[in-house]
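Enquirer: Below you'll find the structure I mean.
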Amino acid sequence: MSSGVKFRGVLVHVLSNGGALQLISVRDALARSDLRARDNSRQGPPTALVLDSSPAQHELSSAIESWAPSHPILHYLAIPPIATVYAGFYIVNSLAGHPPIFKALRDFLNSPNLLPSITDPHDAKATPRVYLYSDGDFVTTSNDVETHYASAVSKGFDATLERFVGSQHVTHMRADPERYWRAVTSVWTKALQRSGSRPVLSSL
């Protein structure tokens, strides 16, 4: 940042589980960077997290719903090869000593230090979040989201659920754009209020 420019903050808008996995890559890159550790004696910049259709819990069922054709016969024919590929990945991942990928993802998202040097690693409430999900999503089911939300709340996160009806995976914005962006604006407003930033300087 150039001298004199106010840091407006960070609104992380995650789409699906692939987007959440990319957030892990961002976290790792920040952790490896030479940025100085966050100064906890000063009020940090506003940060907020939007989780659209994420995180899923069951890898195989999510993979089948993502990759198998919608045609009923082709859908069932696609299950064995998808399951075979998944089994191979699961074995290799386990032999490498890594936890199941969605378990690691869900644990990561319930860690306060999402963005090292930016988010407060000691204050879960510092980064409010909203879950945008639907009962019509079979890739990331409503139960997947609601159980993660419950875990987040139990860990002290400022979390909100915004449940849509009938919309499929990552189509909630198209189903009801006004409601969707109202939820995003609301969580960003929370972040601004928590950080003490003025809306005129820190806006969407």
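A note on labels: chains of the structure tokens are A, B, ... as shown, every chain counts residues from 1, and ligands are counted from 1 in their shown order.
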Kindly assemble as CSV a list of the region 29-140 of chain A residues that lie within 10 Å of region 161-164 of chain A, each paired with its nearest atom pair and their distance in Å to one decimal, using only C-alpha atoms, sorted first by chain and then by ascending residue number.

Expert:
residue,atom,partner,partner_atom,distance
A:Leu51,CA,A:Leu161,CA,9.8
A:Asp52,CA,A:Glu162,CA,9.7
A:Arg129,CA,A:Leu161,CA,8.8
A:Val130,CA,A:Leu161,CA,5.8
A:Tyr131,CA,A:Leu161,CA,5.0
A:Leu132,CA,A:Glu162,CA,5.0
A:Tyr133,CA,A:Arg163,CA,5.2
A:Ser134,CA,A:Phe164,CA,4.5
A:Asp135,CA,A:Phe164,CA,6.8
A:Gly136,CA,A:Phe164,CA,8.2
A:Asp137,CA,A:Phe164,CA,9.6

Enquirer: Running DSSP on the backbone, which parts of chain A land in strand (DSSP E), as a ChimeraX atom specification?

Expert: /A:10-15,47-52,129-134,159-164

Enquirer: So that I can see what lies close to Gly156 (chain A), please list as a PyMOL selection string the residues with an atom at most 10 Å from it, counting only C-alpha atoms and leaving out residues fewer than 6 positions away in the same chain.

Expert: chain A and resi 110+112+123-126

Enquirer: Output N, CA and C atoms for every residue in that selection, as a PDB file, in the first residue's frame.

Expert:
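Output below, filename selection.pdb:
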ATOM      1  N   ASN A 110     -13.120 -22.926  10.703  1.00  0.00           N
ATOM      2  CA  ASN A 110     -13.456 -22.586  12.084  1.00  0.00           C
ATOM      3  C   ASN A 110     -12.208 -22.258  12.899  1.00  0.00           C
ATOM      4  N   PRO A 112      -9.792 -18.966  13.812  1.00  0.00           N
ATOM      5  CA  PRO A 112      -9.860 -17.499  13.729  1.00  0.00           C
ATOM      6  C   PRO A 112      -8.841 -16.889  12.777  1.00  0.00           C
ATOM      7  N   ASP A 123      -9.298 -13.721  18.315  1.00  0.00           N
ATOM      8  CA  ASP A 123     -10.667 -13.244  18.493  1.00  0.00           C
ATOM      9  C   ASP A 123     -11.554 -13.780  17.375  1.00  0.00           C
ATOM     10  N   ALA A 124     -12.309 -14.829  17.681  1.00  0.00           N
ATOM     11  CA  ALA A 124     -13.164 -15.445  16.665  1.00  0.00           C
ATOM     12  C   ALA A 124     -14.237 -14.489  16.163  1.00  0.00           C
ATOM     13  N   LYS A 125     -14.701 -13.591  17.033  1.00  0.00           N
ATOM     14  CA  LYS A 125     -15.774 -12.677  16.650  1.00  0.00           C
ATOM     15  C   LYS A 125     -15.298 -11.533  15.761  1.00  0.00           C
ATOM     16  N   ALA A 126     -13.988 -11.387  15.616  1.00  0.00           N
ATOM     17  CA  ALA A 126     -13.456 -10.250  14.859  1.00  0.00           C
ATOM     18  C   ALA A 126     -13.801 -10.318  13.379  1.00  0.00           C
TER      19      ALA A 126
END

Enquirer: Nearest to Trp181 (chain A): which of A:Arg32, A:Arg27, A:His13, A:Arg8 is it, counting only C-alpha atoms?

Expert: A:His13

Enquirer: List every residue of region 63-189 of chain A that DSSP, applied to the backbone of this structure, places in helix (DSSP H, G or I), and write the result as a PyMOL selection string.

Expert: chain A and resi 63-67+72-95+101-109+124-126+142-154+172-175+177-189

Enquirer: For Leu15 (chain A), please output as a list in words all residues within 10 Å (counting only C-alpha atoms; exclusion window: fewer than 4 positions along the same chain).

Expert: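 The residues satisfying every condition are Gly19, Ala20, Leu21, Gln22, Val50, Leu51, Asp52, Ser53, Ser54, Pro55, Leu132, His169 and Val170 of chain A.
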
Enquirer: Using Å and a single decimal, report how far CA of Ala56 (chain A) sits from CA of Thr140 (chain A).

Expert: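 Result for CA of Thr140 (chain A) versus CA of Ala56 (chain A): 4.5 Å, one decimal.
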
Enquirer: Could you check how far CA of Trp188 (chain A) sits from CA of Phe138 (chain A), in Å to one decimal?

Expert: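 Distance reported for this atom pair: 27.7 Å.
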